[in-house]
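Enquirer: Structure: work_24.txt, compact mmCIF, C-alpha atoms.
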```
# COMPACT_ATOMS: atom_id res chain seq x y z
CA MET A 1 212.96 38.17 178.27
CA ALA A 2 210.94 41.43 178.43
CA ALA A 3 213.98 43.40 177.37
CA SER A 4 214.38 41.08 174.39
CA ARG A 5 210.77 41.61 173.31
CA ARG A 6 211.07 45.35 173.77
CA ARG A 7 214.23 45.40 171.67
CA GLY A 8 212.46 43.31 169.01
CA ARG A 9 209.54 45.75 168.91
CA LEU A 10 211.89 48.73 168.74
CA THR A 11 213.76 47.09 165.90
CA ALA A 12 210.49 46.42 164.07
CA VAL A 13 209.31 50.01 164.60
CA ALA A 14 212.67 51.37 163.48
CA ALA A 15 212.55 49.20 160.36
CA ALA A 16 209.01 50.36 159.59
CA VAL A 17 209.98 54.02 160.02
CA ALA A 18 213.06 53.56 157.85
CA THR A 19 211.01 51.85 155.14
CA ALA A 20 208.40 54.61 155.23
CA ALA A 21 211.08 57.29 155.03
CA LEU A 22 212.80 55.55 152.13
CA THR A 23 209.52 55.10 150.27
CA ALA A 24 208.60 58.74 150.84
CA GLY A 25 212.03 59.83 149.64
CA LEU A 26 211.77 57.75 146.48
CA THR A 27 208.27 58.99 145.78
CA ALA A 28 209.36 62.59 146.30
CA GLY A 29 212.32 61.97 144.03
CA CYS A 30 210.05 60.60 141.32
CA ASP A 31 207.66 63.54 141.72
CA ALA A 32 210.58 65.95 141.36
CA MET A 33 211.80 64.07 138.29
CA ASN A 34 208.32 64.10 136.75
CA LYS A 35 207.98 67.84 137.42
CA ALA A 36 211.37 68.49 135.85
CA LEU A 37 210.43 66.41 132.81
CA ASP A 38 207.12 68.28 132.51
CA CYS A 39 209.04 71.55 132.73
CA VAL A 40 211.45 70.54 129.97
CA GLN A 41 208.64 69.25 127.73
CA THR A 42 206.58 72.39 128.24
CA ALA A 43 209.60 74.64 127.68
CA ASP A 44 210.21 72.75 124.43
CA ALA A 45 206.59 73.29 123.38
CA ILE A 46 206.94 76.99 124.21
CA ALA A 47 210.11 77.18 122.11
CA ASP A 48 208.15 75.75 119.18
CA SER A 49 205.38 78.30 119.80
CA VAL A 50 207.92 81.13 119.89
CA THR A 51 209.26 79.97 116.52
CA ASP A 52 205.68 79.97 115.24
CA LEU A 53 205.22 83.47 116.65
CA GLN A 54 208.32 84.74 114.85
CA GLN A 55 207.03 83.29 111.58
CA ALA A 56 203.55 84.68 112.24
CA VAL A 57 204.94 88.17 112.78
CA GLU A 58 206.90 87.89 109.53
CA ASN A 59 203.70 86.84 107.72
CA ALA A 60 201.31 89.15 109.61
CA ALA A 61 200.40 91.02 106.45
CA ASN A 62 199.07 87.78 104.95
CA ASP A 63 197.31 86.42 108.05
CA PRO A 64 197.25 88.59 111.19
CA THR A 65 195.34 85.90 113.14
CA GLN A 66 198.49 83.73 113.22
CA VAL A 67 200.08 86.09 115.74
CA ASP A 68 197.14 85.76 118.14
CA SER A 69 197.10 82.01 117.66
CA SER A 70 200.81 81.75 118.49
CA LEU A 71 200.42 83.97 121.55
CA ASP A 72 197.46 81.85 122.70
CA SER A 73 199.56 78.71 122.33
CA ILE A 74 202.32 80.19 124.48
CA ASP A 75 199.77 81.30 127.10
CA LYS A 76 198.31 77.79 127.23
CA SER A 77 201.75 76.27 127.79
CA LEU A 78 202.56 78.85 130.46
CA ARG A 79 199.40 77.95 132.37
CA LYS A 80 200.36 74.29 132.15
CA ILE A 81 203.86 74.78 133.48
CA GLY A 82 202.76 77.29 136.10
CA ASP A 83 200.28 74.80 137.53
CA LYS A 84 202.90 72.07 137.88
CA THR A 85 205.78 73.76 139.63
CA ASP A 86 206.61 75.49 142.84
CA ASP A 87 210.19 76.28 141.79
CA ALA A 88 210.88 80.00 142.27
CA ASP A 89 213.20 80.26 139.26
CA VAL A 90 210.71 78.55 136.96
CA ASN A 91 207.87 80.73 138.26
CA LYS A 92 209.93 83.88 137.65
CA ALA A 93 210.77 82.75 134.12
CA VAL A 94 207.08 81.98 133.49
CA ASP A 95 206.08 85.42 134.79
CA ASP A 96 208.70 87.14 132.63
CA LEU A 97 207.57 85.24 129.54
CA ARG A 98 203.92 85.98 130.31
CA LYS A 99 204.72 89.73 130.51
CA ALA A 100 206.63 89.60 127.22
CA VAL A 101 203.69 87.82 125.54
CA ASP A 102 201.26 90.40 126.96
CA ASN A 103 203.45 93.21 125.59
CA VAL A 104 203.42 91.69 122.10
CA ARG A 105 199.66 91.15 122.30
CA THR A 106 199.16 94.79 123.33
CA ALA A 107 201.41 96.01 120.52
CA VAL A 108 199.42 94.01 117.97
CA ARG A 109 196.11 95.31 119.33
CA ASN A 110 197.49 98.83 119.07
CA GLY A 111 198.14 98.31 115.36
CA ASP A 112 201.81 97.26 115.34
CA ASP A 113 202.14 94.90 112.38
CA THR A 114 205.70 93.94 113.27
CA PRO A 115 206.00 93.88 117.06
CA ASP A 116 209.36 93.19 118.64
CA VAL A 117 209.28 89.54 119.73
CA SER A 118 212.86 89.45 120.99
CA PRO A 119 211.75 89.80 124.65
CA VAL A 120 209.54 86.74 124.14
CA THR A 121 212.46 84.84 122.62
CA ASP A 122 214.77 85.89 125.45
CA ALA A 123 212.25 84.95 128.15
CA ALA A 124 211.58 81.58 126.50
CA GLY A 125 215.32 80.95 126.46
CA GLU A 126 215.52 81.72 130.16
CA LEU A 127 212.64 79.35 130.88
CA THR A 128 214.37 76.60 128.95
CA LYS A 129 217.56 77.29 130.91
CA VAL A 130 215.87 77.01 134.32
CA CYS A 131 213.94 73.90 133.27
CA THR A 132 217.04 72.07 132.11
CA PRO A 133 218.80 70.31 134.98
```
Show this structure as structure tokens.

Expert:
Amino acid sequence: MAASRRRGRLTAVAAAVATAALTAGLTAGCDAMNKALDCVQTADAIADSVTDLQQAVENAANDPTQVDSSLDSIDKSLRKIGDKTDDADVNKAVDDLRKAVDNVRTAVRNGDDTPDVSPVTDAAGELTKVCTP
């Protein structure tokens, strides 16, 4: 009879551990899915900001503040995505894009009315690539 009770308790403990493991796995899976979705959404927002930046550079003679505004928008999105991921590839892409944005900002501050934004475009494309499953 004692062996039967012990087996019953072991079965109950094993079931509880299995349930906890399954729940943790599902929760982790949902967290990973949410992070991936956040990454894709933020990369999409950055792509829109890069398009705005390209247009702002083309129109810089009319309104030079548009370039700064577009760069600020990209920076804001980069902070958002950087805070939500621990993926090495995403972090590298974010760092590369941040450097490209800083280079454009420096060029504009140094008087370049038509800075080369192709590194920003390339880095944004890489971020989109690593965010897309």

Enquirer: Which residues are close to Leu71 of chain A, i.e. within 9 Å by only C-alpha atoms, leaving aside same-chain residues fewer than 3 positions away? Reply as a short mmCIF file (atom, residue, chain, number, x, y, z; two decimals) with C-alpha atoms, in the coordinates of the input.

Expert:
```cif
data_model
loop_
_atom_site.label_atom_id
_atom_site.label_comp_id
_atom_site.auth_asym_id
_atom_site.auth_seq_id
_atom_site.Cartn_x
_atom_site.Cartn_y
_atom_site.Cartn_z
CA SER A 49 205.38 78.30 119.80
CA VAL A 50 207.92 81.13 119.89
CA LEU A 53 205.22 83.47 116.65
CA GLN A 66 198.49 83.73 113.22
CA VAL A 67 200.08 86.09 115.74
CA ASP A 68 197.14 85.76 118.14
CA ILE A 74 202.32 80.19 124.48
CA ASP A 75 199.77 81.30 127.10
CA LYS A 76 198.31 77.79 127.23
CA VAL A 101 203.69 87.82 125.54
CA ASP A 102 201.26 90.40 126.96
CA VAL A 104 203.42 91.69 122.10
CA ARG A 105 199.66 91.15 122.30
#
```

Enquirer: What does the structure give for the distance between atom CA of Thr106 of chain A and atom CA of Asp38 of chain A, in Å to one decimal?

Expert: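 The value is 29.2 Å.
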
Enquirer: May I ask for the distance between atom CA of Thr121 of chain A and atom CA of Arg109 of chain A, given in Å to one decimal place?

Expert: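 Straight-line distance from atom CA of Thr121 of chain A to atom CA of Arg109 of chain A works out to 19.7 Å.
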
Enquirer: Calculated over only C-alpha atoms, which of the candidates A:Ala56, A:Val120, A:Ser77, A:Asp72 has the smallest distance to Ala100 of chain A?

Expert: A:Val120

Enquirer: One decimal, in Å: what's the spacing between atom CA of Val90 of chain A and atom CA of Ser69 of chain A?

Expert: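 Straight-line distance from atom CA of Val90 of chain A to atom CA of Ser69 of chain A works out to 23.9 Å.
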
Enquirer: Using only C-alpha atoms, what does the table of segment 47-87 of chain A residues within 9 Å of segment 111-116 of chain A look like, with each row giving the shortest atom pair and its distance in Å to one decimal, sorted by chain and ascending number, as CSV?

Expert:
```
residue,atom,partner,partner_atom,distance
A:Val57,CA,A:Thr114,CA,5.8
A:Glu58,CA,A:Thr114,CA,7.2
A:Ala60,CA,A:Asp113,CA,6.4
A:Ala61,CA,A:Asp113,CA,7.3
A:Pro64,CA,A:Asp113,CA,8.1
```

Enquirer: My list of candidates is A:Asn103, A:Thr65, A:Thr132, A:Thr42. Which is closest to Val117 of chain A when distances are computed with only C-alpha atoms?

Expert: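 Counting only C-alpha atoms, the residue closest to Val117 of chain A is A:Asn103.
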
Enquirer: I'd like to know which of A:Ala43, A:Val108, A:Cys131, A:Ala123 is closest to Asp89 of chain A, using all atoms listed in the file.

Expert: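 Using all atoms listed in the file, Asp89 of chain A sits closest to A:Cys131.
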
Enquirer: Between A:Ala47, A:Ser118, A:Glu126, A:Asn62, which residue has the minimum interatomic distance to Asn91 of chain A, considering all atoms listed in the file?

Expert: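 Using all atoms listed in the file, Asn91 of chain A sits closest to A:Glu126.
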
Enquirer: Could you tell me which of A:Asn59, A:Gln41, A:Thr51, A:Thr128 comes closest to Val94 of chain A if we count all atoms listed in the file?

Expert: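 So, comparing all the options, the nearest one is A:Thr128.
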